[in-house]
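Below is final_26.txt, holding compact mmCIF, C-alpha atoms and all ligand atoms.
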```txt
# COMPACT_ATOMS: atom_id res chain seq x y z
CA MET A 7 242.19 204.20 205.29
CA GLY A 8 239.38 206.26 203.84
CA ILE A 9 239.48 209.02 201.23
CA LEU A 10 239.06 211.43 204.14
CA ASP A 11 240.60 210.66 207.52
CA VAL A 12 239.96 213.01 210.41
CA LYS A 13 241.94 212.22 213.54
CA ASP A 14 241.70 213.72 217.03
CA VAL A 15 240.58 217.11 215.74
CA GLY A 16 239.95 219.74 218.40
CA LYS A 17 238.86 223.35 218.02
CA ARG A 18 238.29 225.90 220.75
CA PHE A 19 236.60 229.30 220.41
CA GLY A 20 237.65 231.26 223.51
CA GLY A 21 236.12 229.36 226.42
CA LEU A 22 234.09 227.06 224.22
CA GLN A 23 235.46 223.67 223.16
CA ALA A 24 233.54 223.42 219.87
CA LEU A 25 235.24 220.18 218.75
CA SER A 26 237.17 217.63 220.76
CA ASP A 27 238.73 214.32 219.74
CA VAL A 28 236.88 214.16 216.45
CA THR A 29 237.99 211.04 214.61
CA LEU A 30 236.18 209.76 211.57
CA SER A 31 236.95 208.04 208.33
CA VAL A 32 235.00 208.50 205.12
CA ARG A 33 235.21 205.66 202.62
CA GLU A 34 235.64 206.45 198.95
CA ASN A 35 232.46 206.59 196.82
CA THR A 36 230.12 206.59 199.81
CA VAL A 37 227.70 209.18 201.16
CA HIS A 38 228.68 209.89 204.74
CA ALA A 39 226.27 211.96 206.81
CA ILE A 40 227.20 213.94 209.89
CA ILE A 41 224.21 214.62 212.10
CA GLY A 42 223.78 216.14 215.53
CA PRO A 43 221.85 218.81 217.39
CA ASN A 44 222.32 222.53 216.80
CA GLY A 45 225.67 223.68 218.12
CA ALA A 46 227.15 220.15 217.99
CA GLY A 47 230.07 221.42 215.90
CA LYS A 48 229.06 220.16 212.45
CA SER A 49 229.76 223.39 210.56
CA THR A 50 232.94 223.97 212.54
CA LEU A 51 234.17 220.53 211.48
CA LEU A 52 233.31 221.24 207.85
CA ASN A 53 235.15 224.57 208.04
CA CYS A 54 238.23 222.72 209.30
CA LEU A 55 238.06 220.41 206.26
CA VAL A 56 237.96 223.23 203.70
CA GLY A 57 240.65 225.46 205.20
CA LYS A 58 238.32 228.11 206.59
CA LEU A 59 239.31 227.21 210.15
CA MET A 60 242.53 225.76 211.51
CA PRO A 61 241.96 223.15 214.23
CA ASP A 62 244.04 223.44 217.42
CA THR A 63 244.84 219.73 217.42
CA GLY A 64 244.63 216.69 215.20
CA SER A 65 245.05 215.86 211.55
CA VAL A 66 242.94 215.79 208.41
CA LEU A 67 244.11 213.65 205.50
CA PHE A 68 242.51 213.67 202.07
CA ASP A 69 243.68 210.76 199.97
CA GLY A 70 246.69 210.49 202.28
CA GLN A 71 247.66 214.18 201.98
CA SER A 72 247.37 216.61 204.86
CA VAL A 73 244.92 219.44 204.22
CA LEU A 74 245.63 221.41 207.39
CA GLY A 75 247.47 224.66 206.81
CA ARG A 76 246.47 224.76 203.15
CA LYS A 77 244.43 227.66 201.80
CA PRO A 78 240.82 227.00 200.73
CA HIS A 79 241.67 227.21 197.01
CA GLU A 80 244.57 224.77 197.49
CA ILE A 81 242.25 222.29 199.21
CA ASN A 82 239.79 222.80 196.38
CA GLN A 83 242.54 221.90 193.92
CA LEU A 84 243.23 218.68 195.80
CA GLY A 85 239.69 217.67 194.82
CA ILE A 86 237.41 218.85 197.62
CA ALA A 87 234.43 221.05 196.71
CA ARG A 88 231.89 222.59 199.02
CA VAL A 89 228.24 223.27 198.31
CA PHE A 90 227.01 226.32 200.18
CA GLN A 91 223.75 226.60 202.08
CA THR A 92 222.67 229.52 199.94
CA PRO A 93 223.54 229.11 196.28
CA GLU A 94 226.53 231.31 195.41
CA ILE A 95 225.81 232.09 191.83
CA PHE A 96 226.20 235.17 189.65
CA GLY A 97 222.70 236.42 188.87
CA ASP A 98 223.73 238.71 186.00
CA LEU A 99 225.50 235.92 184.13
CA THR A 100 223.89 233.12 182.16
CA VAL A 101 223.75 229.56 183.42
CA MET A 102 226.53 228.55 181.00
CA GLU A 103 228.74 231.49 182.05
CA ASN A 104 228.29 230.56 185.70
CA VAL A 105 229.43 227.00 185.01
CA LEU A 106 232.46 228.21 183.05
CA ILE A 107 233.74 230.40 185.89
CA PRO A 108 234.98 227.53 188.11
CA CYS A 109 236.61 225.91 185.03
CA PHE A 110 238.87 228.92 184.63
CA ALA A 111 239.37 229.31 188.36
CA ARG A 112 240.50 225.71 188.64
CA ARG A 113 243.00 226.03 185.79
CA ASP A 114 244.65 229.10 187.19
CA GLY A 115 244.40 228.33 190.88
CA ALA A 116 242.95 231.77 191.44
CA PHE A 117 239.51 233.15 191.01
CA GLU A 118 240.14 235.15 187.89
CA LEU A 119 239.33 234.96 184.22
CA ASN A 120 242.43 234.64 182.13
CA PRO A 121 242.13 236.22 178.66
CA LEU A 122 245.20 234.26 177.50
CA VAL A 123 243.56 230.85 177.92
CA SER A 124 243.72 229.27 174.48
CA VAL A 125 240.65 228.96 172.30
CA ALA A 126 241.17 225.18 172.20
CA SER A 127 241.00 224.79 175.95
CA GLN A 128 238.05 227.16 176.06
CA THR A 129 236.28 224.84 173.64
CA ASP A 130 237.11 221.86 175.88
CA MET A 131 235.74 223.70 178.86
CA ALA A 132 232.56 224.64 177.04
CA ALA A 133 232.07 220.96 176.11
CA LYS A 134 232.66 219.90 179.69
CA ALA A 135 230.29 222.56 181.02
CA GLU A 136 227.66 221.44 178.52
CA ALA A 137 227.98 217.81 179.65
CA ILE A 138 227.66 218.76 183.32
CA LEU A 139 224.59 220.91 182.60
CA ALA A 140 223.02 217.91 180.87
CA ASP A 141 223.85 215.77 183.93
CA VAL A 142 221.87 218.07 186.22
CA ASN A 143 219.05 218.55 183.68
CA MET A 144 219.87 222.20 183.06
CA ALA A 145 221.01 222.11 179.44
CA GLN A 146 217.81 223.78 178.25
CA ASN A 147 218.55 226.71 180.59
CA ARG A 148 222.10 227.38 179.39
CA GLY A 149 221.30 230.87 178.05
CA VAL A 150 219.04 231.96 180.92
CA HIS A 151 220.20 234.58 183.41
CA ALA A 152 220.88 232.84 186.71
CA ALA A 153 218.88 235.42 188.68
CA SER A 154 215.67 234.38 186.97
CA LEU A 155 215.99 230.66 187.80
CA SER A 156 213.66 228.98 190.29
CA ARG A 157 215.12 228.07 193.64
CA GLY A 158 215.43 224.41 192.68
CA ASP A 159 217.19 225.28 189.42
CA LYS A 160 219.58 227.61 191.28
CA ARG A 161 220.49 224.59 193.39
CA ARG A 162 221.05 222.55 190.21
CA LEU A 163 223.23 225.31 188.79
CA GLU A 164 225.26 225.47 191.95
CA MET A 165 225.77 221.72 191.84
CA ALA A 166 226.93 222.05 188.23
CA MET A 167 229.43 224.74 189.30
CA CYS A 168 230.84 222.29 191.85
CA LEU A 169 230.84 219.25 189.58
CA VAL A 170 232.60 221.00 186.70
CA GLN A 171 235.65 221.17 188.98
CA GLU A 172 235.58 217.34 188.99
CA PRO A 173 235.86 217.01 192.76
CA ARG A 174 236.45 213.61 194.32
CA LEU A 175 234.84 214.77 197.56
CA LEU A 176 231.75 216.96 197.77
CA LEU A 177 230.93 218.58 201.12
CA LEU A 178 227.33 219.67 201.66
CA ASP A 179 226.24 221.69 204.70
CA GLU A 180 222.47 221.29 205.14
CA PRO A 181 221.72 221.28 201.39
CA THR A 182 217.96 221.25 201.99
CA ALA A 183 217.76 223.83 204.79
CA GLY A 184 214.69 226.03 204.41
CA MET A 185 213.34 224.04 201.46
CA SER A 186 209.79 222.85 200.99
CA ARG A 187 209.20 219.10 201.09
CA ALA A 188 208.94 219.05 197.29
CA ASP A 189 212.26 220.91 196.81
CA THR A 190 213.87 218.67 199.42
CA ASN A 191 212.76 215.57 197.53
CA ASN A 192 214.05 217.07 194.28
CA THR A 193 217.42 217.70 195.92
CA ILE A 194 217.56 214.12 197.20
CA ALA A 195 216.80 212.89 193.69
CA LEU A 196 219.44 215.22 192.21
CA LEU A 197 222.14 214.02 194.62
CA LYS A 198 221.22 210.40 193.86
CA GLU A 199 221.46 211.09 190.12
CA ILE A 200 224.85 212.74 190.55
CA LYS A 201 226.11 209.85 192.64
CA ALA A 202 224.88 207.31 190.11
CA LYS A 203 226.64 209.03 187.20
CA ARG A 204 230.17 209.35 188.57
CA ASP A 205 232.68 208.23 191.18
CA ILE A 206 232.26 210.76 193.93
CA THR A 207 232.30 210.78 197.71
CA MET A 208 229.86 212.99 199.59
CA VAL A 209 229.97 214.25 203.16
CA ILE A 210 226.60 215.69 204.02
CA ILE A 211 225.72 217.64 207.13
CA GLU A 212 222.01 217.48 207.59
CA HIS A 213 219.27 218.11 210.08
CA ASP A 214 216.49 216.48 208.14
CA MET A 215 216.39 212.77 208.98
CA HIS A 216 214.39 212.04 205.83
CA VAL A 217 217.32 213.36 203.76
CA VAL A 218 219.91 211.54 205.85
CA PHE A 219 218.16 208.20 205.71
CA SER A 220 217.45 208.59 201.97
CA LEU A 221 221.08 209.21 201.04
CA ALA A 222 223.61 208.09 203.61
CA ASP A 223 225.65 204.90 203.55
CA ARG A 224 227.25 205.76 206.91
CA ILE A 225 226.27 208.21 209.62
CA THR A 226 228.38 209.87 212.28
CA VAL A 227 226.45 211.40 215.15
CA LEU A 228 228.16 214.43 216.64
CA ALA A 229 227.12 215.65 220.08
CA GLN A 230 228.81 218.48 221.96
CA GLY A 231 231.77 218.46 219.61
CA THR A 232 232.51 214.74 219.83
CA PRO A 233 231.42 211.76 217.72
CA LEU A 234 228.90 209.76 219.71
CA VAL A 235 228.57 206.86 217.32
CA GLU A 236 229.25 205.95 213.68
CA ASP A 237 227.24 203.29 211.91
CA THR A 238 224.87 202.39 209.08
CA PRO A 239 221.52 204.24 208.88
CA GLU A 240 219.64 201.11 209.96
CA ARG A 241 221.68 200.73 213.12
CA ILE A 242 221.74 204.47 213.85
CA LYS A 243 217.93 204.55 213.76
CA GLY A 244 217.68 202.03 216.56
CA HIS A 245 220.63 203.22 218.63
CA PRO A 246 219.44 204.15 222.13
CA LYS A 247 222.20 206.76 222.66
CA VAL A 248 221.28 208.44 219.38
CA GLN A 249 217.58 208.46 220.10
CA GLU A 250 218.30 210.00 223.48
CA ALA A 251 220.81 212.59 222.27
CA TYR A 252 219.34 213.53 218.98
CA LEU A 253 216.19 212.00 217.66
CA GLY A 254 214.37 212.91 220.87
CA THR A 255 212.33 209.75 220.98
P1 LIG B 301 226.40 223.16 214.21
O1 LIG B 301 226.80 223.42 212.81
O2 LIG B 301 226.47 221.71 214.59
O3 LIG B 301 225.05 223.73 214.55
P2 LIG B 301 228.60 224.94 214.84
O4 LIG B 301 229.80 224.23 214.36
O5 LIG B 301 228.07 226.04 214.01
O6 LIG B 301 227.44 223.88 215.18
O7 LIG B 301 228.91 225.55 216.29
C1 LIG B 301 229.46 224.77 217.34
C2 LIG B 301 229.63 225.67 218.53
O8 LIG B 301 230.70 226.59 218.29
C3 LIG B 301 228.41 226.51 218.85
O9 LIG B 301 228.30 226.63 220.26
C4 LIG B 301 228.73 227.85 218.20
O10 LIG B 301 228.08 228.91 218.89
C5 LIG B 301 230.24 227.92 218.36
N1 LIG B 301 230.91 228.67 217.29
C6 LIG B 301 230.87 228.36 215.97
N2 LIG B 301 231.62 229.20 215.26
C7 LIG B 301 232.14 230.09 216.15
C8 LIG B 301 233.04 231.22 216.05
N3 LIG B 301 233.53 231.59 214.86
N4 LIG B 301 233.35 231.89 217.18
C9 LIG B 301 232.85 231.49 218.37
N5 LIG B 301 232.05 230.45 218.54
C10 LIG B 301 231.69 229.74 217.46
MG MG B 302 225.78 224.31 211.17
```

Would you put the structure from the file into structure tokens?
Ligand code: ADP
Ligand code: MG
Amino acid sequence: MGILDVKDVGKRFGGLQALSDVTLSVRENTVHAIIGPNGAGKSTLLNCLVGKLMPDTGSVLFDGQSVLGRKPHEINQLGIARVFQTPEIFGDLTVMENVLIPCFARRDGAFELNPLVSVASQTDMAAKAEAILADVNMAQNRGVHAASLSRGDKRRLEMAMCLVQEPRLLLLDEPTAGMSRADTNNTIALLKEIKAKRDITMVIIEHDMHVVFSLADRITVLAQGTPLVEDTPERIKGHPKVQEAYLGT
């Protein structure tokens, strides 16, 4: 059993079967990439994992617990965090304030600041936020307004906002979409650093094969809503079905 076990998941949108018989297992502390052509169902699958969509069939277990039917914030509290394609940060707040927001949200189970939170726990949170900022090389920016950060630093801040929740599973939907080659390489380096510093499992949906082959331990290829093959990057590269369906070579 993996940390995340998806079994026979199906999802239909009207006449379109977006996912069918999706079964995959993600092993703890690995980076598992899900690749596939546009429209293959990658984002739909991710949305089923975070409670944004309810599949019609199948099961999703995180650490043995069913996630289906739970609200997104409940799934988040189980230890699953999602990194968005566009950084969702608060431009008017400082870097440190942005990192503190999910700390409070996680305590209370709702996205609200609680004025009754004790000073002691606020101090703990500030220390934790500081440590996470150091981990993503953003400590020097703690007082800067988020709106004025470079694109790459916004990505770092957003990662810090995820990591401060201490997730066991991080879901990333095309984290380098629209980035220059330099920013893409910085993101790869950042994800590697994060992985090296803590026990964390990552599921990464990605178009860019350079990113996939730089990071992934296992790859699932999704085509027309169904897993085509799951294997190591080395074997995926040479797989004739994959080359035909996806790599276009
Ligand atoms: P991918 O992320 O692999 O590009 P998606 O999961 O976004 O693919 O989409 C899979 C298929 O489901 C596509 O044909 C898409 O048009 C369709 N689809 C996705 N979301 C919806 C929705 N909310 N309503 C109707 N169709 C959808
Ligand atoms: Mg998508």

Within-12 Å residues of ligand MG 302 (chain B), basis only C-alpha atoms and all ligand atoms, as a compact mmCIF listing (two decimals) with C-alpha atoms, in the coordinates of the input:
```
# COMPACT_ATOMS: atom_id res chain seq x y z
CA ALA A 24 233.54 223.42 219.87
CA ILE A 40 227.20 213.94 209.89
CA ILE A 41 224.21 214.62 212.10
CA GLY A 42 223.78 216.14 215.53
CA PRO A 43 221.85 218.81 217.39
CA ASN A 44 222.32 222.53 216.80
CA GLY A 45 225.67 223.68 218.12
CA ALA A 46 227.15 220.15 217.99
CA GLY A 47 230.07 221.42 215.90
CA LYS A 48 229.06 220.16 212.45
CA SER A 49 229.76 223.39 210.56
CA THR A 50 232.94 223.97 212.54
CA LEU A 51 234.17 220.53 211.48
CA LEU A 52 233.31 221.24 207.85
CA ASN A 53 235.15 224.57 208.04
CA PHE A 90 227.01 226.32 200.18
CA GLN A 91 223.75 226.60 202.08
CA LEU A 178 227.33 219.67 201.66
CA ASP A 179 226.24 221.69 204.70
CA GLU A 180 222.47 221.29 205.14
CA PRO A 181 221.72 221.28 201.39
CA ALA A 183 217.76 223.83 204.79
CA ILE A 210 226.60 215.69 204.02
CA ILE A 211 225.72 217.64 207.13
CA GLU A 212 222.01 217.48 207.59
CA HIS A 213 219.27 218.11 210.08
CA LEU A 228 228.16 214.43 216.64
CA GLY A 231 231.77 218.46 219.61
```

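Using all atoms listed in the file, the shortest contact distance between Ser65 of chain A and any of A:Glu136, A:Asp27, A:Ile107, A:Asp14 is found at A:Asp14.
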
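Distances from A:Arg157, A:Arg76, A:His38, A:Lys13 to Val217 of chain A were compared using all atoms listed in the file, and the smallest one belongs to A:His38.
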
Taken to one decimal, the atom CA of Leu74 of chain A-atom CA of Cys54 of chain A distance is 7.8 Å

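Rounded to one decimal, atom CA of Arg204 of chain A and atom CA of Ile138 of chain A lie 11.1 Å from each other.
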
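The smallest atom-to-atom distance between ligand LIG 301 (chain B) and any of A:Thr232, A:Ala140, A:Ser154, A:Gln249, using all atoms listed in the file, is found for A:Thr232.
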
*asked:* So that I can check the surroundings of Leu25 of chain A, please list as number ranges by chain every protein, DNA and RNA residue that reaches within 6 Å of it, counting all atoms listed in the file and ignoring chain neighbours fewer than 2 positions away.
replied: A: 16-17, 23, 231

**Asked** Which polymer residues have any atom within 8 Å of an atom of segment 222-226 of chain A, counting only C-alpha atoms, with same-chain residues fewer than 6 positions away left out, as a list of chain:residue names?
**Response** A:Leu30, A:Thr36, A:Val37, A:His38, A:Ala39, A:Ile40, A:Ile41, A:Pro233, A:Leu234, A:Val235, A:Glu236, A:Asp237, A:Thr238, A:Pro239, A:Ile242

* Excluding Arg187 of chain A and residues on its chain fewer than 6 positions from it, collect all residues at most 12 Å away from it, counting only C-alpha atoms, and give them as a PyMOL selection string. => chain A and resi 158+193-194+214+216-217

A straight line from atom CA of Val248 of chain A to atom CA of Gln230 of chain A spans 12.8 Å

Of A:Gln171, A:Ser31, A:Ser26, A:Thr190, the one nearest to ligand LIG 301 (chain B) when counting all atoms listed in the file is A:Ser26

Residues within 10 Å of Lys77 of chain A, please, as a short mmCIF file (atom, residue, chain, number, x, y, z; two decimals) with C-alpha atoms, in the coordinates of the input. Count only C-alpha atoms; anything in the same chain fewer than 4 positions from it doesn't count.
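Result file selection-v2.cif:
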```cif
data_model
loop_
_atom_site.label_atom_id
_atom_site.label_comp_id
_atom_site.auth_asym_id
_atom_site.auth_seq_id
_atom_site.Cartn_x
_atom_site.Cartn_y
_atom_site.Cartn_z
CA VAL A 56 237.96 223.23 203.70
CA GLY A 57 240.65 225.46 205.20
CA LYS A 58 238.32 228.11 206.59
CA LEU A 59 239.31 227.21 210.15
CA VAL A 73 244.92 219.44 204.22
CA ILE A 81 242.25 222.29 199.21
CA ASN A 82 239.79 222.80 196.38
CA GLN A 83 242.54 221.90 193.92
#
```

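Nearest residue to ligand LIG 301 (chain B) among A:Met144, A:Ile86, A:Leu139, A:Phe19 is A:Phe19, counting only C-alpha atoms and all ligand atoms.
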
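Shortest separation to ligand LIG 301 (chain B) among A:Ile9, A:Thr207, A:Lys243, A:Met60 occurs at residue A:Met60, atoms counted being all atoms listed in the file.
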
| query | Any idea what's packed within 12 Å of Ala133 of chain A, counting all atoms listed in the file, ignoring anything in its chain fewer than 6 positions away? Could you give it as a VMD selection string? | reply | chain A and resid 102 105 to 106 109 126 to 127 139 to 140 145 170

Where atoms are lacking, segment 171-207 of chain A completed to N, CA and C atoms, as a short mmCIF file (atom, residue, chain, number, x, y, z; two decimals), keeping the file's coordinate frame:
```
data_model
loop_
_atom_site.label_atom_id
_atom_site.label_comp_id
_atom_site.auth_asym_id
_atom_site.auth_seq_id
_atom_site.Cartn_x
_atom_site.Cartn_y
_atom_site.Cartn_z
N GLN A 171 234.28 221.21 188.44
CA GLN A 171 235.65 221.17 188.98
C GLN A 171 236.14 219.73 189.17
N GLU A 172 235.27 218.77 188.86
CA GLU A 172 235.58 217.34 188.99
C GLU A 172 236.12 216.97 190.36
N PRO A 173 235.39 217.35 191.41
CA PRO A 173 235.86 217.01 192.76
C PRO A 173 235.74 215.50 193.02
N ARG A 174 236.60 215.01 193.88
CA ARG A 174 236.45 213.61 194.32
C ARG A 174 235.62 213.56 195.59
N LEU A 175 235.61 214.69 196.31
CA LEU A 175 234.84 214.77 197.56
C LEU A 175 233.99 216.03 197.54
N LEU A 176 232.69 215.83 197.74
CA LEU A 176 231.75 216.96 197.77
C LEU A 176 231.26 217.11 199.21
N LEU A 177 231.38 218.32 199.75
CA LEU A 177 230.93 218.58 201.12
C LEU A 177 229.66 219.42 201.05
N LEU A 178 228.62 218.96 201.72
CA LEU A 178 227.33 219.67 201.66
C LEU A 178 226.87 220.00 203.08
N ASP A 179 226.70 221.28 203.38
CA ASP A 179 226.24 221.69 204.70
C ASP A 179 224.75 222.03 204.62
N GLU A 180 223.93 221.14 205.14
CA GLU A 180 222.47 221.29 205.14
C GLU A 180 221.93 221.73 203.77
N PRO A 181 222.12 220.88 202.75
CA PRO A 181 221.72 221.28 201.39
C PRO A 181 220.22 221.53 201.23
N THR A 182 219.40 221.05 202.16
CA THR A 182 217.96 221.25 201.99
C THR A 182 217.37 222.21 203.03
N ALA A 183 218.25 222.91 203.74
CA ALA A 183 217.76 223.83 204.79
C ALA A 183 216.79 224.85 204.19
N GLY A 184 215.66 225.02 204.83
CA GLY A 184 214.69 226.03 204.41
C GLY A 184 213.89 225.65 203.17
N MET A 185 214.07 224.43 202.68
CA MET A 185 213.34 224.04 201.46
C MET A 185 211.99 223.42 201.81
N SER A 186 211.07 223.54 200.86
CA SER A 186 209.79 222.85 200.99
C SER A 186 210.05 221.35 200.85
N ARG A 187 209.06 220.55 201.21
CA ARG A 187 209.20 219.10 201.09
C ARG A 187 209.46 218.70 199.62
N ALA A 188 208.77 219.38 198.71
CA ALA A 188 208.94 219.05 197.29
C ALA A 188 210.37 219.36 196.82
N ASP A 189 210.89 220.55 197.19
CA ASP A 189 212.26 220.91 196.81
C ASP A 189 213.27 219.98 197.47
N THR A 190 212.99 219.60 198.72
CA THR A 190 213.87 218.67 199.42
C THR A 190 213.94 217.34 198.67
N ASN A 191 212.78 216.84 198.26
CA ASN A 191 212.76 215.57 197.53
C ASN A 191 213.47 215.69 196.18
N ASN A 192 213.32 216.85 195.54
CA ASN A 192 214.05 217.07 194.28
C ASN A 192 215.56 217.07 194.51
N THR A 193 215.99 217.66 195.62
CA THR A 193 217.42 217.70 195.92
C THR A 193 217.95 216.30 196.21
N ILE A 194 217.16 215.51 196.94
CA ILE A 194 217.56 214.12 197.20
C ILE A 194 217.72 213.38 195.87
N ALA A 195 216.75 213.58 194.99
CA ALA A 195 216.80 212.89 193.69
C ALA A 195 218.02 213.36 192.90
N LEU A 196 218.28 214.67 192.94
CA LEU A 196 219.44 215.22 192.21
C LEU A 196 220.74 214.62 192.73
N LEU A 197 220.90 214.57 194.04
CA LEU A 197 222.14 214.02 194.62
C LEU A 197 222.29 212.55 194.27
N LYS A 198 221.17 211.82 194.25
CA LYS A 198 221.22 210.40 193.86
C LYS A 198 221.65 210.25 192.40
N GLU A 199 221.10 211.12 191.55
CA GLU A 199 221.46 211.09 190.12
C GLU A 199 222.95 211.35 189.95
N ILE A 200 223.43 212.36 190.65
CA ILE A 200 224.85 212.74 190.55
C ILE A 200 225.72 211.58 190.99
N LYS A 201 225.35 210.98 192.08
CA LYS A 201 226.11 209.85 192.64
C LYS A 201 226.13 208.68 191.67
N ALA A 202 224.98 208.46 191.01
CA ALA A 202 224.88 207.31 190.11
C ALA A 202 225.73 207.50 188.84
N LYS A 203 225.98 208.76 188.47
CA LYS A 203 226.64 209.03 187.20
C LYS A 203 228.15 209.13 187.29
N ARG A 204 228.72 209.16 188.49
CA ARG A 204 230.17 209.35 188.57
C ARG A 204 230.69 208.78 189.89
N ASP A 205 232.03 208.61 189.94
CA ASP A 205 232.68 208.23 191.18
C ASP A 205 232.85 209.49 192.00
N ILE A 206 232.14 209.58 193.08
CA ILE A 206 232.26 210.76 193.93
C ILE A 206 231.91 210.37 195.37
N THR A 207 232.58 211.00 196.30
CA THR A 207 232.30 210.78 197.71
C THR A 207 231.58 212.02 198.21
#
```
